[in-house]
$ cat structure_12.txt   # compact mmCIF, N, CA and C atoms
# COMPACT_ATOMS: atom_id res chain seq x y z
N MET A 1 0.84 -1.20 0.00
CA MET A 1 0.00 0.00 0.00
C MET A 1 0.87 1.24 0.00
N LEU A 2 0.36 2.25 -0.61
CA LEU A 2 1.05 3.54 -0.60
C LEU A 2 0.75 4.26 0.71
N GLN A 3 1.69 5.09 1.11
CA GLN A 3 1.41 5.96 2.25
C GLN A 3 0.41 7.01 1.78
N ASN A 4 -0.34 7.55 2.73
CA ASN A 4 -1.40 8.50 2.39
C ASN A 4 -0.91 9.68 1.56
N HIS A 5 0.22 10.26 1.92
CA HIS A 5 0.67 11.45 1.19
C HIS A 5 1.05 11.11 -0.25
N ASP A 6 1.58 9.90 -0.50
CA ASP A 6 1.89 9.50 -1.87
C ASP A 6 0.61 9.21 -2.65
N TYR A 7 -0.32 8.54 -2.00
CA TYR A 7 -1.62 8.28 -2.64
C TYR A 7 -2.31 9.59 -3.00
N ASN A 8 -2.26 10.55 -2.10
CA ASN A 8 -2.91 11.85 -2.35
C ASN A 8 -2.32 12.53 -3.58
N LEU A 9 -0.99 12.46 -3.73
CA LEU A 9 -0.35 13.03 -4.92
C LEU A 9 -0.86 12.34 -6.19
N LEU A 10 -0.85 11.01 -6.19
CA LEU A 10 -1.27 10.27 -7.37
C LEU A 10 -2.75 10.50 -7.69
N GLU A 11 -3.57 10.50 -6.68
CA GLU A 11 -5.01 10.71 -6.89
C GLU A 11 -5.27 12.11 -7.46
N THR A 12 -4.61 13.11 -6.93
CA THR A 12 -4.81 14.48 -7.41
C THR A 12 -4.29 14.65 -8.83
N ILE A 13 -3.17 14.01 -9.14
CA ILE A 13 -2.64 14.04 -10.50
C ILE A 13 -3.68 13.45 -11.46
N THR A 14 -4.31 12.36 -11.07
CA THR A 14 -5.32 11.72 -11.91
C THR A 14 -6.51 12.63 -12.13
N VAL A 15 -7.00 13.24 -11.07
CA VAL A 15 -8.17 14.11 -11.16
C VAL A 15 -7.87 15.31 -12.08
N ILE A 16 -6.72 15.91 -11.91
CA ILE A 16 -6.38 17.09 -12.71
C ILE A 16 -6.14 16.71 -14.16
N ALA A 17 -5.46 15.59 -14.40
CA ALA A 17 -5.22 15.15 -15.79
C ALA A 17 -6.55 14.90 -16.50
N ARG A 18 -7.49 14.32 -15.81
CA ARG A 18 -8.81 14.09 -16.41
C ARG A 18 -9.52 15.41 -16.70
N SER A 19 -9.37 16.38 -15.82
CA SER A 19 -9.97 17.70 -16.05
C SER A 19 -9.40 18.33 -17.31
N ILE A 20 -8.09 18.25 -17.46
CA ILE A 20 -7.44 18.82 -18.64
C ILE A 20 -7.96 18.15 -19.91
N TYR A 21 -8.09 16.86 -19.87
CA TYR A 21 -8.64 16.12 -21.03
C TYR A 21 -10.06 16.58 -21.34
N ARG A 22 -10.88 16.73 -20.31
CA ARG A 22 -12.26 17.19 -20.52
C ARG A 22 -12.29 18.59 -21.12
N TYR A 23 -11.43 19.49 -20.62
CA TYR A 23 -11.42 20.84 -21.15
C TYR A 23 -11.06 20.83 -22.63
N ASP A 24 -10.12 19.97 -23.03
CA ASP A 24 -9.79 19.85 -24.46
C ASP A 24 -11.01 19.41 -25.26
N THR A 25 -11.75 18.45 -24.71
CA THR A 25 -12.96 17.97 -25.37
C THR A 25 -14.00 19.08 -25.48
N TYR A 26 -14.17 19.82 -24.39
CA TYR A 26 -15.14 20.92 -24.40
C TYR A 26 -14.78 21.96 -25.47
N MET A 27 -13.49 22.25 -25.61
CA MET A 27 -13.07 23.23 -26.61
C MET A 27 -13.31 22.71 -28.02
N LYS A 28 -13.11 21.41 -28.24
CA LYS A 28 -13.41 20.84 -29.56
C LYS A 28 -14.90 20.94 -29.85
N ASP A 29 -15.74 20.72 -28.84
CA ASP A 29 -17.18 20.84 -29.02
C ASP A 29 -17.58 22.25 -29.45
N LEU A 30 -16.80 23.22 -29.05
CA LEU A 30 -17.12 24.61 -29.38
C LEU A 30 -16.87 24.94 -30.85
N ASP A 31 -16.19 24.07 -31.57
CA ASP A 31 -15.97 24.31 -33.00
C ASP A 31 -17.31 24.40 -33.74
N LYS A 32 -18.31 23.71 -33.22
CA LYS A 32 -19.64 23.73 -33.84
C LYS A 32 -20.42 24.98 -33.46
N VAL A 33 -20.16 25.50 -32.27
CA VAL A 33 -20.96 26.60 -31.73
C VAL A 33 -20.31 27.96 -31.92
N LYS A 34 -19.00 27.99 -31.89
CA LYS A 34 -18.23 29.23 -32.08
C LYS A 34 -18.44 30.25 -30.98
N CYS A 35 -18.52 29.79 -29.74
CA CYS A 35 -18.65 30.71 -28.61
C CYS A 35 -17.26 31.02 -28.07
N GLU A 36 -16.74 32.17 -28.40
CA GLU A 36 -15.38 32.54 -27.98
C GLU A 36 -15.27 32.81 -26.48
N THR A 37 -16.36 33.25 -25.87
CA THR A 37 -16.35 33.47 -24.43
C THR A 37 -16.15 32.14 -23.70
N CYS A 38 -16.88 31.12 -24.13
CA CYS A 38 -16.72 29.79 -23.52
C CYS A 38 -15.33 29.24 -23.80
N ARG A 39 -14.84 29.42 -25.04
CA ARG A 39 -13.51 28.93 -25.38
C ARG A 39 -12.45 29.55 -24.47
N LYS A 40 -12.56 30.84 -24.26
CA LYS A 40 -11.60 31.54 -23.40
C LYS A 40 -11.67 30.99 -21.97
N MET A 41 -12.88 30.76 -21.49
CA MET A 41 -13.05 30.23 -20.14
C MET A 41 -12.39 28.86 -20.01
N TRP A 42 -12.68 27.95 -20.97
CA TRP A 42 -12.10 26.61 -20.91
C TRP A 42 -10.59 26.66 -21.05
N GLN A 43 -10.08 27.57 -21.88
CA GLN A 43 -8.64 27.71 -22.03
C GLN A 43 -7.99 28.17 -20.73
N GLU A 44 -8.63 29.10 -20.04
CA GLU A 44 -8.10 29.58 -18.77
C GLU A 44 -8.09 28.47 -17.73
N PHE A 45 -9.17 27.70 -17.67
CA PHE A 45 -9.22 26.56 -16.75
C PHE A 45 -8.12 25.55 -17.09
N HIS A 46 -7.94 25.31 -18.38
CA HIS A 46 -6.91 24.37 -18.85
C HIS A 46 -5.53 24.83 -18.39
N GLN A 47 -5.24 26.10 -18.58
CA GLN A 47 -3.93 26.64 -18.20
C GLN A 47 -3.71 26.56 -16.69
N GLN A 48 -4.74 26.88 -15.92
CA GLN A 48 -4.62 26.79 -14.46
C GLN A 48 -4.36 25.36 -14.03
N ARG A 49 -5.11 24.43 -14.58
CA ARG A 49 -4.95 23.02 -14.22
C ARG A 49 -3.59 22.49 -14.65
N GLN A 50 -3.10 22.95 -15.81
CA GLN A 50 -1.80 22.50 -16.28
C GLN A 50 -0.70 22.93 -15.32
N LYS A 51 -0.81 24.15 -14.80
CA LYS A 51 0.16 24.62 -13.80
C LYS A 51 0.12 23.75 -12.55
N GLU A 52 -1.10 23.43 -12.11
CA GLU A 52 -1.25 22.56 -10.93
C GLU A 52 -0.65 21.18 -11.20
N LEU A 53 -0.91 20.65 -12.39
CA LEU A 53 -0.38 19.34 -12.74
C LEU A 53 1.14 19.36 -12.77
N ASP A 54 1.72 20.39 -13.33
CA ASP A 54 3.17 20.52 -13.38
C ASP A 54 3.77 20.52 -11.97
N MET A 55 3.13 21.24 -11.05
CA MET A 55 3.62 21.28 -9.67
C MET A 55 3.55 19.90 -9.02
N LEU A 56 2.44 19.22 -9.21
CA LEU A 56 2.26 17.90 -8.62
C LEU A 56 3.24 16.89 -9.19
N LEU A 57 3.46 16.93 -10.49
CA LEU A 57 4.40 16.01 -11.11
C LEU A 57 5.83 16.26 -10.64
N LYS A 58 6.16 17.52 -10.45
CA LYS A 58 7.48 17.86 -9.93
C LYS A 58 7.66 17.28 -8.52
N GLU A 59 6.64 17.40 -7.71
CA GLU A 59 6.70 16.87 -6.35
C GLU A 59 6.76 15.34 -6.36
N LEU A 60 5.96 14.71 -7.21
CA LEU A 60 5.99 13.25 -7.31
C LEU A 60 7.37 12.78 -7.75
N ARG A 61 7.94 13.45 -8.73
CA ARG A 61 9.29 13.11 -9.21
C ARG A 61 10.30 13.21 -8.07
N ALA A 62 10.17 14.25 -7.26
CA ALA A 62 11.09 14.42 -6.12
C ALA A 62 10.93 13.27 -5.12
N HIS A 63 9.71 12.83 -4.90
CA HIS A 63 9.47 11.71 -3.98
C HIS A 63 10.11 10.43 -4.51
N VAL A 64 9.92 10.18 -5.81
CA VAL A 64 10.46 8.96 -6.41
C VAL A 64 11.98 9.00 -6.43
N GLU A 65 12.55 10.08 -6.93
CA GLU A 65 14.00 10.19 -7.05
C GLU A 65 14.68 10.26 -5.69
N GLY A 66 14.00 10.83 -4.70
CA GLY A 66 14.58 10.95 -3.36
C GLY A 66 14.35 9.73 -2.49
N GLY A 67 13.70 8.72 -3.04
CA GLY A 67 13.44 7.51 -2.28
C GLY A 67 12.39 7.68 -1.20
N MET A 68 11.60 8.75 -1.28
CA MET A 68 10.59 9.00 -0.25
C MET A 68 9.30 8.23 -0.50
N MET A 69 9.08 7.80 -1.73
CA MET A 69 7.86 7.06 -2.05
C MET A 69 8.11 5.59 -1.74
N THR A 70 7.30 5.08 -0.86
CA THR A 70 7.45 3.67 -0.48
C THR A 70 6.12 2.96 -0.64
N ILE A 71 6.22 1.68 -0.86
CA ILE A 71 5.04 0.85 -0.95
C ILE A 71 5.08 -0.11 0.22
N GLU A 72 4.05 0.01 1.07
CA GLU A 72 3.99 -0.83 2.25
C GLU A 72 3.23 -2.12 1.94
N LYS A 73 3.63 -3.19 2.57
CA LYS A 73 2.92 -4.45 2.41
C LYS A 73 1.64 -4.38 3.24
N PRO A 74 0.54 -4.88 2.65
CA PRO A 74 -0.74 -4.83 3.40
C PRO A 74 -0.73 -5.75 4.62
$ encode --input "structure_12.txt" --output "structure tokens"
Amino acid sequence: MLQNHDYNLLETITVIARSIYRYDTYMKDLDKVKCETCRKMWQEFHQQRQKELDMLLKELRAHVEGGMMTIEKP
């Protein structure tokens, strides 16, 4: 089992990555509607989430490379 803090990093990375994927899908859907206000909103959300994802991945990398991420036996 992962320790809680490692699990929290992985879970949050998953949630944010899925959000980014959804925002891309939403923007593709706008090709039919041509609502630039919505496109701008989804782009801003995408950029914010990408920054969050970058921070989380950097921290996860530090845990792995620093030997801080451990898997405990159940």
$ residues_around --input "structure_12.txt" --residues "Ala17 in chain A" --least-positions-apart "5" --cutoff "12 Å" --atoms "only C-alpha atoms" --output "PyMOL selection string"
chain A and resi 10-12+22-24+46-54+56-57
$ atom_distance --input "structure_12.txt" --atom1 "atom N of Ile16 in chain A" --atom2 "CA of Ile71 in chain A"
22.0 Å
$ atom_distance --input "structure_12.txt" --atom1 "CA of Glu72 in chain A" --atom2 "CA of Asp6 in chain A"
11.3 Å
$ select_by_dssp --input "structure_12.txt" --residues "chain A" --states "helix (DSSP H, G or I)" --output "JSON, numbers by chain"
{"A": [4, 5, 6, 7, 8, 9, 10, 11, 12, 13, 14, 15, 16, 17, 18, 19, 20, 21, 22, 23, 24, 25, 26, 27, 28, 29, 30, 31, 32, 33, 36, 37, 38, 39, 40, 41, 42, 43, 44, 45, 46, 47, 48, 49, 50, 51, 52, 53, 54, 55, 56, 57, 58, 59, 60, 61, 62, 63, 64, 65]}
$ closest_residue --input "structure_12.txt" --among "A:Leu60, A:Met68, A:Leu2, A:Met27" --to "Trp42 in chain A" --atoms "all atoms listed in the file"
A:Met27
$ atom_distance --input "structure_12.txt" --atom1 "CA of Tyr21 in chain A" --atom2 "CA of Cys38 in chain A"
16.1 Å
$ closest_residue --input "structure_12.txt" --among "A:Leu30, A:Cys35, A:Val15, A:Met1" --to "Thr70 in chain A" --atoms "only C-alpha atoms"
A:Met1
$ closest_residue --input "structure_12.txt" --among "A:Thr37, A:Asp29, A:Leu9, A:Gln43" --to "Met55 in chain A" --atoms "only C-alpha atoms"
A:Leu9
$ closest_residue --input "structure_12.txt" --among "A:Lys28, A:Lys58, A:Ile20, A:Gly66" --to "Phe45 in chain A" --atoms "all atoms listed in the file"
A:Ile20
